[in-house]
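Source file: coords.csv (CSV, C-alpha atoms)
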chain,number,residue,atom,x,y,z
A,1,MET,CA,83.1,-68.2,-94.2
A,2,GLY,CA,82.2,-70.9,-96.7
A,3,LEU,CA,78.6,-71.5,-95.6
A,4,ALA,CA,76.0,-72.1,-98.2
A,5,LYS,CA,72.2,-72.3,-97.9
A,6,THR,CA,71.0,-75.4,-99.5
A,7,HIS,CA,67.6,-76.2,-101.0
A,8,ILE,CA,66.4,-79.7,-100.4
A,9,GLN,CA,63.5,-80.6,-102.4
A,10,SER,CA,62.4,-84.0,-101.5
A,11,GLY,CA,59.4,-85.5,-99.7
A,12,SER,CA,56.8,-83.7,-97.7
A,13,SER,CA,59.1,-81.8,-95.3
A,14,THR,CA,60.1,-79.3,-98.0
A,15,GLU,CA,58.2,-76.5,-96.4
A,16,GLN,CA,59.9,-76.9,-93.1
A,17,THR,CA,63.5,-77.4,-94.3
A,18,ASP,CA,63.6,-75.1,-97.3
A,19,GLY,CA,66.2,-72.5,-96.8
A,20,ASN,CA,66.9,-73.7,-93.2
A,21,ILE,CA,69.7,-76.2,-93.8
A,22,ILE,CA,73.3,-75.0,-93.9
A,23,THR,CA,76.1,-77.2,-95.4
A,24,THR,CA,79.8,-76.7,-94.6
A,25,THR,CA,82.8,-78.7,-93.6
A,26,ILE,CA,83.8,-79.7,-90.1
A,27,ASP,CA,87.2,-77.8,-90.5
A,28,LYS,CA,85.5,-74.6,-91.3
A,29,VAL,CA,83.2,-74.9,-88.3
A,30,VAL,CA,86.1,-75.8,-86.0
A,31,ASN,CA,88.1,-72.9,-87.4
A,32,TRP,CA,85.2,-70.5,-87.0
A,33,GLY,CA,84.9,-71.5,-83.4
A,34,ARG,CA,88.6,-71.3,-82.8
A,35,LYS,CA,89.0,-67.9,-84.2
A,36,ASN,CA,86.3,-66.4,-82.1
A,37,SER,CA,87.5,-67.9,-78.9
A,38,LEU,CA,91.2,-67.2,-78.8
A,39,TRP,CA,92.5,-67.3,-75.2
A,40,PRO,CA,95.5,-65.1,-75.0
A,41,MET,CA,98.5,-65.8,-72.7
A,42,PRO,CA,99.9,-62.3,-71.9
A,43,PHE,CA,103.7,-62.0,-71.6
A,44,GLY,CA,104.1,-58.4,-70.7
A,45,THR,CA,107.6,-57.2,-69.7
A,46,ALA,CA,107.5,-53.6,-70.6
A,47,CYS,CA,105.3,-50.6,-71.7
A,48,CYS,CA,103.7,-52.6,-74.5
A,49,ALA,CA,101.9,-54.5,-71.7
A,50,ILE,CA,100.3,-51.2,-70.6
A,51,GLU,CA,98.8,-50.9,-74.1
A,52,MET,CA,97.8,-54.6,-73.9
A,53,MET,CA,95.9,-53.9,-70.7
A,54,ALA,CA,94.2,-50.9,-72.4
A,55,THR,CA,93.3,-53.2,-75.2
A,56,LEU,CA,91.7,-55.7,-72.8
A,57,ALA,CA,89.9,-53.0,-70.8
A,58,SER,CA,86.5,-51.6,-71.5
A,59,LYS,CA,87.4,-48.8,-73.9
A,60,PHE,CA,89.0,-50.9,-76.6
A,61,ASP,CA,87.5,-54.2,-75.4
A,62,LEU,CA,89.2,-57.1,-77.0
A,63,SER,CA,86.2,-59.2,-75.9
A,64,ARG,CA,84.4,-57.9,-78.9
A,65,PHE,CA,86.6,-60.3,-80.9
A,66,GLY,CA,86.2,-63.2,-78.5
A,67,SER,CA,89.6,-62.9,-76.9
A,68,GLU,CA,88.7,-61.6,-73.5
A,69,ALA,CA,89.5,-64.8,-71.6
A,70,ILE,CA,93.0,-63.9,-70.6
A,71,ARG,CA,94.7,-66.9,-69.0
A,72,PHE,CA,97.8,-66.6,-66.9
A,73,SER,CA,98.5,-70.2,-67.3
A,74,PRO,CA,100.0,-71.2,-70.6
A,75,ARG,CA,98.3,-74.6,-70.4
A,76,GLN,CA,94.9,-73.0,-70.9
A,77,SER,CA,95.7,-70.6,-73.7
A,78,ASP,CA,96.4,-70.7,-77.4
A,79,LEU,CA,97.6,-67.2,-78.3
A,80,LEU,CA,100.9,-65.9,-76.9
A,81,ILE,CA,101.2,-62.1,-76.9
A,82,VAL,CA,104.9,-61.2,-76.3
A,83,SER,CA,104.8,-57.6,-75.4
A,84,GLY,CA,108.1,-56.1,-74.2
A,85,ARG,CA,111.8,-56.7,-74.0
A,86,ILE,CA,113.1,-60.2,-73.7
A,87,SER,CA,116.5,-60.6,-72.1
A,88,ILE,CA,118.8,-63.6,-72.4
A,89,LYS,CA,117.8,-64.5,-68.9
A,90,MET,CA,114.1,-64.3,-69.7
A,91,MET,CA,114.4,-66.2,-72.9
A,92,PRO,CA,114.4,-69.7,-71.4
A,93,VAL,CA,111.4,-68.8,-69.3
A,94,LEU,CA,109.4,-67.6,-72.3
A,95,LYS,CA,110.5,-70.6,-74.3
A,96,ARG,CA,109.2,-72.9,-71.6
A,97,ILE,CA,105.9,-71.0,-71.4
A,98,TYR,CA,105.5,-71.4,-75.2
A,99,ASP,CA,106.3,-75.1,-75.0
A,100,GLN,CA,103.7,-75.6,-72.3
A,101,MET,CA,100.9,-74.2,-74.4
A,102,PRO,CA,98.7,-76.8,-76.1
A,103,GLU,CA,98.6,-77.0,-79.9
A,104,PRO,CA,97.5,-75.3,-82.1
A,105,LYS,CA,99.0,-72.1,-80.8
A,106,TRP,CA,99.8,-68.7,-82.2
A,107,VAL,CA,102.3,-66.0,-81.3
A,108,ILE,CA,102.0,-62.3,-81.6
A,109,SER,CA,105.2,-60.3,-81.3
A,110,MET,CA,104.0,-56.9,-80.0
A,111,GLY,CA,106.1,-53.8,-80.4
A,112,ALA,CA,109.6,-53.0,-81.6
A,113,CYS,CA,111.5,-54.6,-78.7
A,114,ALA,CA,109.9,-58.0,-79.0
A,115,SER,CA,110.2,-57.9,-82.8
A,116,CYS,CA,113.7,-56.7,-83.2
A,117,GLY,CA,115.2,-55.4,-79.9
A,118,GLY,CA,114.0,-51.9,-80.5
A,119,VAL,CA,116.3,-49.2,-79.3
A,120,PHE,CA,117.9,-51.6,-76.8
A,121,ASP,CA,120.8,-52.8,-78.9
A,122,THR,CA,122.6,-54.1,-75.9
A,123,TYR,CA,124.5,-57.1,-74.6
A,124,THR,CA,121.6,-58.6,-72.7
A,125,LEU,CA,118.6,-58.2,-75.0
A,126,ILE,CA,117.4,-60.7,-77.6
A,127,GLN,CA,117.2,-58.9,-80.9
A,128,GLY,CA,113.8,-60.3,-81.8
A,129,VAL,CA,111.9,-63.2,-80.2
A,130,ASP,CA,111.6,-64.9,-83.6
A,131,GLN,CA,115.1,-66.1,-83.0
A,132,PHE,CA,113.6,-68.8,-80.8
A,133,LEU,CA,109.8,-68.5,-81.2
A,134,PRO,CA,107.7,-69.0,-84.4
A,135,VAL,CA,106.0,-65.6,-84.6
A,136,ASP,CA,102.8,-65.4,-86.6
A,137,VAL,CA,102.1,-61.7,-86.5
A,138,TYR,CA,104.4,-58.8,-85.8
A,139,ILE,CA,103.2,-55.4,-84.6
A,140,PRO,CA,105.4,-52.4,-85.2
A,141,GLY,CA,105.3,-49.4,-82.9
A,142,CYS,CA,106.9,-48.2,-79.7
A,143,PRO,CA,104.5,-49.0,-78.1
A,144,PRO,CA,101.8,-49.9,-80.6
A,145,ARG,CA,98.3,-48.4,-80.1
A,146,PRO,CA,95.6,-50.8,-78.8
A,147,GLU,CA,94.1,-50.7,-82.3
A,148,ASP,CA,97.3,-52.2,-83.6
A,149,LEU,CA,97.0,-55.1,-81.2
A,150,ILE,CA,93.3,-55.6,-82.2
A,151,ASP,CA,94.4,-55.6,-85.8
A,152,ALA,CA,97.0,-58.2,-85.0
A,153,VAL,CA,94.4,-60.4,-83.3
A,154,MET,CA,92.1,-60.0,-86.3
A,155,GLN,CA,95.0,-61.0,-88.5
A,156,VAL,CA,95.4,-64.2,-86.5
A,157,GLN,CA,91.7,-64.7,-86.9
A,158,ARG,CA,91.9,-64.4,-90.6
A,159,GLN,CA,94.8,-66.9,-90.7
A,160,ILE,CA,92.8,-69.3,-88.7
A,161,GLN,CA,89.7,-68.9,-90.8
A,162,LYS,CA,91.7,-69.5,-94.0
A,163,GLY,CA,92.8,-72.8,-92.4
A,164,GLU,CA,96.5,-71.8,-92.3
A,165,LEU,CA,98.6,-73.6,-89.8
A,166,PRO,CA,100.3,-71.5,-87.2
A,167,LYS,CA,104.0,-71.0,-87.8
A,168,GLY,CA,104.8,-73.2,-84.9
A,169,SER,CA,103.2,-76.3,-86.4
A,170,GLU,CA,104.6,-75.6,-89.8
A,171,VAL,CA,108.1,-75.7,-88.3
A,172,ALA,CA,107.2,-78.9,-86.4
A,173,TYR,CA,105.8,-80.6,-89.6
A,174,HIS,CA,108.8,-79.7,-91.7
A,175,GLU,CA,111.2,-81.1,-89.1
B,176,MET,CA,115.9,-13.0,-39.2
B,177,ASN,CA,117.6,-12.7,-42.6
B,178,GLU,CA,121.0,-12.2,-41.1
B,179,GLU,CA,120.6,-15.4,-39.0
B,180,LYS,CA,119.7,-17.4,-42.0
B,181,GLU,CA,122.8,-16.2,-43.9
B,182,VAL,CA,125.0,-17.3,-41.0
B,183,THR,CA,123.6,-20.8,-40.9
B,184,GLU,CA,124.1,-21.2,-44.6
B,185,GLU,CA,127.7,-20.4,-44.4
B,186,THR,CA,128.6,-22.8,-41.6
B,187,PRO,CA,129.4,-26.3,-42.8
B,188,PRO,CA,126.9,-29.0,-41.9
B,189,LEU,CA,127.2,-30.5,-38.5
B,190,VAL,CA,127.6,-34.0,-39.9
B,191,LEU,CA,130.6,-33.0,-41.9
B,192,GLU,CA,132.3,-31.4,-38.9
B,193,LYS,CA,131.7,-34.6,-36.9
B,194,LEU,CA,133.1,-36.8,-39.6
B,195,GLN,CA,136.2,-34.6,-40.0
B,196,GLU,CA,136.8,-34.7,-36.3
B,197,LYS,CA,136.3,-38.5,-35.9
B,198,PHE,CA,137.8,-39.7,-39.2
B,199,ALA,CA,140.5,-37.1,-39.8
B,200,ASP,CA,143.0,-39.6,-41.2
B,201,ALA,CA,140.6,-41.7,-43.2
B,202,LEU,CA,138.8,-38.9,-45.1
B,203,LEU,CA,140.3,-38.4,-48.5
B,204,ALA,CA,138.0,-35.6,-49.6
B,205,ASP,CA,134.7,-34.0,-48.6
B,206,ALA,CA,132.3,-31.5,-50.1
B,207,GLU,CA,128.8,-30.1,-49.8
B,208,ILE,CA,126.5,-30.5,-52.6
B,209,GLY,CA,123.0,-28.9,-52.5
B,210,ASN,CA,121.5,-29.9,-49.1
B,211,GLY,CA,123.8,-33.0,-48.9
B,212,VAL,CA,127.4,-34.0,-48.2
B,213,VAL,CA,129.9,-36.1,-50.1
B,214,VAL,CA,132.8,-37.8,-48.4
B,215,VAL,CA,135.5,-40.0,-49.8
B,216,VAL,CA,136.9,-42.5,-47.4
B,217,ASP,CA,139.6,-45.2,-47.7
B,218,ARG,CA,138.5,-48.8,-47.7
B,219,GLU,CA,139.9,-49.6,-44.3
B,220,HIS,CA,137.7,-47.1,-42.6
B,221,SER,CA,134.6,-47.3,-44.8
B,222,TYR,CA,132.7,-49.8,-42.6
B,223,ALA,CA,133.4,-47.9,-39.4
B,224,LEU,CA,132.3,-44.6,-41.0
B,225,LEU,CA,129.1,-46.1,-42.3
B,226,GLU,CA,128.4,-47.7,-38.9
B,227,TYR,CA,129.0,-44.3,-37.2
B,228,LEU,CA,126.7,-42.6,-39.6
B,229,LYS,CA,124.0,-45.1,-39.0
B,230,THR,CA,124.2,-45.5,-35.2
B,231,GLU,CA,125.4,-42.1,-34.0
B,232,LEU,CA,124.1,-39.7,-36.7
B,233,ALA,CA,120.8,-41.3,-37.5
B,234,TYR,CA,121.5,-42.0,-41.2
B,235,SER,CA,119.4,-45.1,-40.9
B,236,PHE,CA,118.2,-45.4,-44.5
B,237,LEU,CA,120.5,-46.9,-47.1
B,238,VAL,CA,119.2,-45.6,-50.4
B,239,ASP,CA,121.6,-47.2,-52.8
B,240,VAL,CA,124.9,-49.0,-53.2
B,241,THR,CA,126.5,-48.8,-56.6
B,242,ALA,CA,129.9,-48.2,-58.2
B,243,VAL,CA,131.5,-46.1,-60.9
B,244,ASP,CA,134.1,-47.1,-63.4
B,245,ASN,CA,136.5,-44.2,-63.8
B,246,SER,CA,138.8,-45.9,-66.3
B,247,ASN,CA,138.1,-43.3,-69.0
B,248,LEU,CA,138.5,-40.3,-66.8
B,249,GLU,CA,142.1,-39.5,-66.3
B,250,SER,CA,141.4,-36.6,-63.9
B,251,GLU,CA,139.3,-38.8,-61.6
B,252,LEU,CA,141.8,-41.6,-61.7
B,253,MET,CA,144.7,-39.3,-60.7
B,254,GLN,CA,142.8,-38.0,-57.7
B,255,TYR,CA,142.9,-41.3,-55.8
B,256,ASP,CA,146.1,-43.0,-56.8
B,257,TYR,CA,144.7,-44.6,-59.9
B,258,ALA,CA,141.8,-46.4,-58.2
B,259,ARG,CA,139.7,-47.5,-61.1
B,260,PHE,CA,136.4,-48.1,-59.3
B,261,MET,CA,134.5,-46.0,-56.8
B,262,VAL,CA,132.0,-47.8,-54.6
B,263,VAL,CA,129.2,-45.3,-53.7
B,264,TYR,CA,126.8,-45.5,-50.8
B,265,HIS,CA,123.8,-43.2,-50.6
B,266,LEU,CA,122.4,-42.6,-47.2
B,267,TYR,CA,119.4,-40.6,-46.0
B,268,THR,CA,118.2,-39.3,-42.6
B,269,PHE,CA,114.8,-38.2,-41.6
B,270,GLU,CA,116.2,-35.9,-39.0
B,271,GLY,CA,118.1,-32.6,-39.0
B,272,GLU,CA,119.1,-30.3,-41.9
B,273,THR,CA,121.5,-32.4,-44.0
B,274,HIS,CA,119.3,-35.2,-45.2
B,275,ARG,CA,121.5,-36.8,-47.7
B,276,ILE,CA,125.1,-38.1,-47.6
B,277,ARG,CA,127.1,-39.9,-50.2
B,278,VAL,CA,130.0,-42.0,-49.1
B,279,LYS,CA,132.6,-43.0,-51.8
B,280,VAL,CA,135.2,-45.6,-51.4
B,281,PRO,CA,138.0,-45.8,-54.1
B,282,VAL,CA,138.9,-49.4,-55.1
B,283,HIS,CA,141.9,-50.5,-57.1
B,284,GLU,CA,141.5,-52.9,-60.0
B,285,LYS,CA,144.0,-55.3,-58.6
B,286,ASP,CA,142.4,-55.5,-55.2
B,287,LEU,CA,138.6,-55.4,-55.7
B,288,ARG,CA,137.5,-55.7,-52.2
B,289,VAL,CA,135.2,-53.7,-50.0
B,290,PRO,CA,133.7,-54.7,-46.6
B,291,SER,CA,130.1,-55.7,-46.9
B,292,VAL,CA,127.5,-53.6,-45.0
B,293,THR,CA,124.9,-56.3,-44.9
B,294,THR,CA,125.4,-56.5,-41.2
B,295,LEU,CA,124.4,-52.9,-40.8
B,296,TRP,CA,121.5,-52.8,-43.4
B,297,ARG,CA,120.0,-56.1,-44.5
B,298,GLY,CA,118.7,-54.2,-47.6
B,299,ALA,CA,122.3,-53.9,-48.8
B,300,ASN,CA,122.2,-57.6,-49.7
B,301,TRP,CA,120.7,-57.3,-53.2
B,302,LEU,CA,122.4,-53.9,-53.9
B,303,GLU,CA,125.8,-55.4,-53.3
B,304,ARG,CA,125.0,-58.4,-55.4
B,305,GLU,CA,124.0,-56.0,-58.2
B,306,THR,CA,127.3,-54.1,-57.8
B,307,TYR,CA,129.2,-57.4,-57.9
B,308,ASP,CA,127.3,-58.5,-61.0
B,309,MET,CA,127.8,-55.3,-62.9
B,310,PHE,CA,131.4,-54.4,-61.8
B,311,GLY,CA,132.9,-57.5,-60.3
B,312,ILE,CA,133.6,-55.9,-56.9
B,313,ASP,CA,134.0,-58.4,-54.1
B,314,PHE,CA,132.0,-57.5,-51.0
B,315,GLU,CA,133.8,-59.2,-48.1
B,316,GLY,CA,131.5,-60.8,-45.6
B,317,HIS,CA,128.5,-60.8,-47.9
B,318,PRO,CA,126.3,-63.9,-47.0
B,319,ASP,CA,125.4,-64.8,-50.6
B,320,LEU,CA,127.5,-63.0,-53.2
B,321,ARG,CA,126.3,-64.2,-56.6
B,322,ARG,CA,124.9,-62.7,-59.7
B,323,ILE,CA,121.5,-61.1,-59.5
B,324,LEU,CA,120.6,-59.6,-62.9
B,325,MET,CA,122.7,-61.6,-65.4
B,326,PRO,CA,122.4,-65.4,-65.9
B,327,ASP,CA,124.5,-67.5,-63.6
B,328,ASP,CA,126.9,-68.6,-66.3
B,329,PHE,CA,127.4,-65.1,-67.7
B,330,GLU,CA,131.0,-64.1,-68.1
B,331,GLY,CA,132.3,-60.6,-67.5
B,332,HIS,CA,130.8,-57.6,-65.8
B,333,PRO,CA,128.8,-55.5,-68.2
B,334,LEU,CA,128.9,-52.1,-66.6
B,335,ARG,CA,132.6,-51.9,-66.8
B,336,LYS,CA,133.8,-49.4,-69.4
B,337,ASP,CA,135.8,-52.0,-71.3
B,338,TYR,CA,132.8,-54.2,-71.8
B,339,PRO,CA,131.4,-53.8,-75.3
B,340,LEU,CA,127.8,-52.4,-75.5
B,341,ARG,CA,126.5,-55.1,-77.8
B,342,GLY,CA,128.2,-57.8,-75.6
B,343,ARG,CA,130.6,-60.5,-76.6
B,344,GLY,CA,128.0,-62.6,-78.5
B,345,GLU,CA,126.0,-63.7,-75.6
B,346,ARG,CA,122.7,-62.6,-77.1
B,347,GLU,CA,123.3,-64.6,-80.3
B,348,SER,CA,124.9,-67.8,-78.9
B,349,PHE,CA,122.9,-68.2,-75.7
B,350,ASN,CA,121.9,-71.8,-75.1
B,351,PHE,CA,118.6,-71.6,-73.3
B,352,GLU,CA,118.1,-75.4,-73.3
B,353,LYS,CA,121.0,-75.7,-70.9
B,354,GLN,CA,119.5,-73.2,-68.5
B,355,ASN,CA,117.8,-74.6,-65.5
B,356,VAL,CA,114.4,-72.9,-65.3
Any chance you could give the structure as structure tokens?
Amino acid sequence: MGLAKTHIQSGSSTEQTDGNIITTTIDKVVNWGRKNSLWPMPFGTACCAIEMMATLASKFDLSRFGSEAIRFSPRQSDLLIVSGRISIKMMPVLKRIYDQMPEPKWVISMGACASCGGVFDTYTLIQGVDQFLPVDVYIPGCPPRPEDLIDAVMQVQRQIQKGELPKGSEVAYHE
Amino acid sequence: MNEEKEVTEETPPLVLEKLQEKFADALLADAEIGNGVVVVVDREHSYALLEYLKTELAYSFLVDVTAVDNSNLESELMQYDYARFMVVYHLYTFEGETHRIRVKVPVHEKDLRVPSVTTLWRGANWLERETYDMFGIDFEGHPDLRRILMPDDFEGHPLRKDYPLRGRGERESFNFEKQNV
């Protein structure tokens, strides 16, 4: 993660500080903290939400990755997990929830329905939430296993550690 | 013992006899299915029949109100003078032998009206709103007949057979910024 042990050889305090000073950049420290304390906002509308609950529960235990602080208020969270079907009536609600989240914020589109409509190729269902949300990580599956969701969270963590901007802010900067 | 049982199975359910007696002119058809009864009644008498079932025959539980679009079924259409829709009420009783009864009301496309049963069952409120939303059937006397599942500005009634499965472009052109949420 870009840390380097530094040898400082000056003065009489060499013995105390030798090997005990770590140099890095503030961005890297901030990103390191950010990636290990993602607070997810669950938006479960279908069976993917059951798998999401399993992911959060003791057996799969998302808290091992620092993401156990599930917030049901978008104003306190920075990772939106869309797990389930989104209808045209639900779309403005979800859009508003996303808008209420403070920056920087990431979006995981969990499962086939959220990513592309899944088997529900019908009049009322949005064929992919990326039509109105900037999705960072897609998870295939119907529903995906808890390991897939953990993998997606880790993917988000890798993006954060690399210093990549979330899709949402990229869109905002380009505009 | 066995002989007695056979006899009871062959006799029509009591509820059907009572309905045939009281609504002789209004009943268009009736049948027994499983341990239940199906009756088809014309629109003018549907409220009276449902009220009779609820108050006199203890069918106090309204399970469901829905409708069927028969426009693709010529045989079904022919039966009731080309009535396109069939409003269906499912009732249940906790007493007696015949627990379930299904009441069907044929409705013509040009005159999509059915009396509301919200005065009998308050639970019919949302069921009738759903039927209105999906089929466009007007429930007369309903206190608040507006869409329940689809957005308020949605056009058309999606469970009708002539409504395309993938919609008429609503899911691509939906303007969520105009929605009041």
- Query: So, counting only C-alpha atoms, which residue among B:Phe260, B:Tyr227, B:Trp301, B:Trp296 is closest to Pro281 in chain B?
  - Reply: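 Residue with the minimum atom-to-atom distance to Pro281 in chain B: B:Phe260.
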- Item | Neighbours of chain B in chain A at 9 Å, counting all atoms listed in the file, as a PyMOL selection string | chain A and resi 87-89+91-93+95-96+121-127+131
- Test item: which residues lie within 12 Å of (95.3, -58.1, -79.6) counting only C-alpha atoms, as a PyMOL selection string: chain A and resi 38-42+48-49+51-57+60-70+79-83+106-111+137-139+144-157
- Query: So how many Å separate CA of Ile26 in chain A and CA of Gln161 in chain A, to one decimal?
  - Reply: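 CA of Ile26 in chain A sits 12.3 Å away from CA of Gln161 in chain A.
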- Message: Given the point (123.2, -37.3, -34.4) in the coordinates of this file, which residues lie within 8 Å, counting only C-alpha atoms, and how would they look as a PyMOL selection string?
- Response: chain B and resi 190+231-233
Write a file of the just-selected residues containing C-alpha atoms, as a PDB file, in the coordinates of the input.
ATOM      1  CA  VAL B 190     127.600 -34.000 -39.900  1.00  0.00           C
ATOM      2  CA  GLU B 231     125.400 -42.100 -34.000  1.00  0.00           C
ATOM      3  CA  LEU B 232     124.100 -39.700 -36.700  1.00  0.00           C
ATOM      4  CA  ALA B 233     120.800 -41.300 -37.500  1.00  0.00           C
TER       5      ALA B 233
END
- CA of Phe236 in chain B to CA of Val214 in chain B measures 16.9 Å
- Query: So what do you get for CA of Asp319 in chain B versus CA of Asp337 in chain B, distance-wise?
  - Reply: 26.5 Å
- Item | Residue nearest Pro290 in chain B among B:Gln195, B:Ser221, B:Gln254, B:Asn245 (counting all atoms listed in the file) |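 Of B:Gln195, B:Ser221, B:Gln254, B:Asn245, the one nearest Pro290 in chain B, counting all atoms listed in the file, is B:Ser221.
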Selection near range 215-218 of chain B, 8 Å with only C-alpha atoms, sequence-local residues under 5 positions removed, as an mmCIF file with C-alpha atoms, in the frame of the given file:
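result_3.cif, freshly written:
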data_model
loop_
_atom_site.group_PDB
_atom_site.id
_atom_site.type_symbol
_atom_site.label_atom_id
_atom_site.label_comp_id
_atom_site.auth_asym_id
_atom_site.auth_seq_id
_atom_site.Cartn_x
_atom_site.Cartn_y
_atom_site.Cartn_z
ATOM 1 C CA ALA B 201 140.600 -41.700 -43.200
ATOM 2 C CA LEU B 202 138.800 -38.900 -45.100
ATOM 3 C CA LEU B 203 140.300 -38.400 -48.500
ATOM 4 C CA ALA B 204 138.000 -35.600 -49.600
ATOM 5 C CA ASP B 205 134.700 -34.000 -48.600
ATOM 6 C CA VAL B 278 130.000 -42.000 -49.100
ATOM 7 C CA LYS B 279 132.600 -43.000 -51.800
ATOM 8 C CA VAL B 280 135.200 -45.600 -51.400
ATOM 9 C CA PRO B 281 138.000 -45.800 -54.100
ATOM 10 C CA VAL B 282 138.900 -49.400 -55.100
ATOM 11 C CA VAL B 289 135.200 -53.700 -50.000
ATOM 12 C CA PRO B 290 133.700 -54.700 -46.600
#
- Message: For Gly168 in chain A, find every residue with an atom within 8 Å (counting all atoms listed in the file), except residues of its own chain fewer than 6 positions away, and show them as a PyMOL selection string.
- Response: chain A and resi 105-106+133-135
- Message: For Gln159 in chain A, find every residue with an atom within 9 Å (counting all atoms listed in the file), except residues of its own chain fewer than 6 positions away, and show them as a list in words.
- Response: Lys35, Leu165 and Pro166 of chain A
- Item | Nearest-residue call for Cys113 in chain A, choices A:Thr45, A:Gln100, A:Ser169, A:Ser73, using all atoms listed in the file |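 Result for the nearest residue to Cys113 in chain A: A:Thr45.
Of the listed residues A:Pro102, A:Ile86, A:Phe72, A:Lys28, the one whose atoms come nearest to Ala46 in chain A is A:Ile86, with distances taken using all atoms listed in the file.
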- Task: Pick out the residues sitting within 9 Å of Phe198 in chain B, and hand them over as a VMD selection string; count only C-alpha atoms, and ignore anything fewer than 5 positions along from it in its own chain.
- Result: chain B and resid 193 216 220 224
Next, write the just-selected residues to a file, as a PDB file, in the frame of the given file, keeping C-alpha atoms as the atom set.
ATOM      1  CA  LYS B 193     131.700 -34.600 -36.900  1.00  0.00           C
ATOM      2  CA  VAL B 216     136.900 -42.500 -47.400  1.00  0.00           C
ATOM      3  CA  HIS B 220     137.700 -47.100 -42.600  1.00  0.00           C
ATOM      4  CA  LEU B 224     132.300 -44.600 -41.000  1.00  0.00           C
TER       5      LEU B 224
END
Output file: range 294-309 of chain B, N, CA and C atoms, as a PDB file, in the first residue's frame:
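Just written: result.pdb:
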ATOM      1  N   THR B 294     -67.953  -1.253   0.134  1.00  0.00           N
ATOM      2  CA  THR B 294     -68.891  -1.073   1.247  1.00  0.00           C
ATOM      3  C   THR B 294     -69.120  -2.381   1.996  1.00  0.00           C
ATOM      4  N   LEU B 295     -68.890  -3.515   1.321  1.00  0.00           N
ATOM      5  CA  LEU B 295     -69.028  -4.819   1.993  1.00  0.00           C
ATOM      6  C   LEU B 295     -67.729  -5.227   2.673  1.00  0.00           C
ATOM      7  N   TRP B 296     -66.623  -5.126   1.927  1.00  0.00           N
ATOM      8  CA  TRP B 296     -65.303  -5.468   2.478  1.00  0.00           C
ATOM      9  C   TRP B 296     -64.403  -4.249   2.287  1.00  0.00           C
ATOM     10  N   ARG B 297     -63.882  -3.703   3.336  1.00  0.00           N
ATOM     11  CA  ARG B 297     -62.968  -2.561   3.172  1.00  0.00           C
ATOM     12  C   ARG B 297     -61.679  -3.011   2.510  1.00  0.00           C
ATOM     13  N   GLY B 298     -61.353  -4.304   2.663  1.00  0.00           N
ATOM     14  CA  GLY B 298     -60.152  -4.828   2.023  1.00  0.00           C
ATOM     15  C   GLY B 298     -60.223  -4.842   0.509  1.00  0.00           C
ATOM     16  N   ALA B 299     -61.417  -4.648  -0.036  1.00  0.00           N
ATOM     17  CA  ALA B 299     -61.553  -4.635  -1.498  1.00  0.00           C
ATOM     18  C   ALA B 299     -60.951  -3.373  -2.104  1.00  0.00           C
ATOM     19  N   ASN B 300     -60.662  -2.391  -1.280  1.00  0.00           N
ATOM     20  CA  ASN B 300     -60.192  -1.095  -1.771  1.00  0.00           C
ATOM     21  C   ASN B 300     -58.965  -1.250  -2.672  1.00  0.00           C
ATOM     22  N   TRP B 301     -57.898  -1.828  -2.145  1.00  0.00           N
ATOM     23  CA  TRP B 301     -56.657  -1.928  -2.922  1.00  0.00           C
ATOM     24  C   TRP B 301     -56.790  -2.957  -4.031  1.00  0.00           C
ATOM     25  N   LEU B 302     -57.558  -4.017  -3.790  1.00  0.00           N
ATOM     26  CA  LEU B 302     -57.725  -5.050  -4.829  1.00  0.00           C
ATOM     27  C   LEU B 302     -58.414  -4.461  -6.050  1.00  0.00           C
ATOM     28  N   GLU B 303     -59.414  -3.623  -5.802  1.00  0.00           N
ATOM     29  CA  GLU B 303     -60.110  -3.002  -6.933  1.00  0.00           C
ATOM     30  C   GLU B 303     -59.236  -1.951  -7.605  1.00  0.00           C
ATOM     31  N   ARG B 304     -58.419  -1.273  -6.818  1.00  0.00           N
ATOM     32  CA  ARG B 304     -57.486  -0.318  -7.440  1.00  0.00           C
ATOM     33  C   ARG B 304     -56.505  -1.040  -8.345  1.00  0.00           C
ATOM     34  N   GLU B 305     -56.043  -2.209  -7.903  1.00  0.00           N
ATOM     35  CA  GLU B 305     -55.111  -2.979  -8.729  1.00  0.00           C
ATOM     36  C   GLU B 305     -55.791  -3.428 -10.023  1.00  0.00           C
ATOM     37  N   THR B 306     -57.030  -3.902  -9.906  1.00  0.00           N
ATOM     38  CA  THR B 306     -57.749  -4.344 -11.096  1.00  0.00           C
ATOM     39  C   THR B 306     -57.989  -3.171 -12.043  1.00  0.00           C
ATOM     40  N   TYR B 307     -58.285  -2.012 -11.480  1.00  0.00           N
ATOM     41  CA  TYR B 307     -58.423  -0.811 -12.313  1.00  0.00           C
ATOM     42  C   TYR B 307     -57.097  -0.478 -13.000  1.00  0.00           C
ATOM     43  N   ASP B 308     -56.018  -0.564 -12.257  1.00  0.00           N
ATOM     44  CA  ASP B 308     -54.699  -0.213 -12.789  1.00  0.00           C
ATOM     45  C   ASP B 308     -54.310  -1.151 -13.929  1.00  0.00           C
ATOM     46  N   MET B 309     -54.546  -2.425 -13.752  1.00  0.00           N
ATOM     47  CA  MET B 309     -54.068  -3.418 -14.711  1.00  0.00           C
ATOM     48  C   MET B 309     -55.018  -3.605 -15.892  1.00  0.00           C
TER      49      MET B 309
END
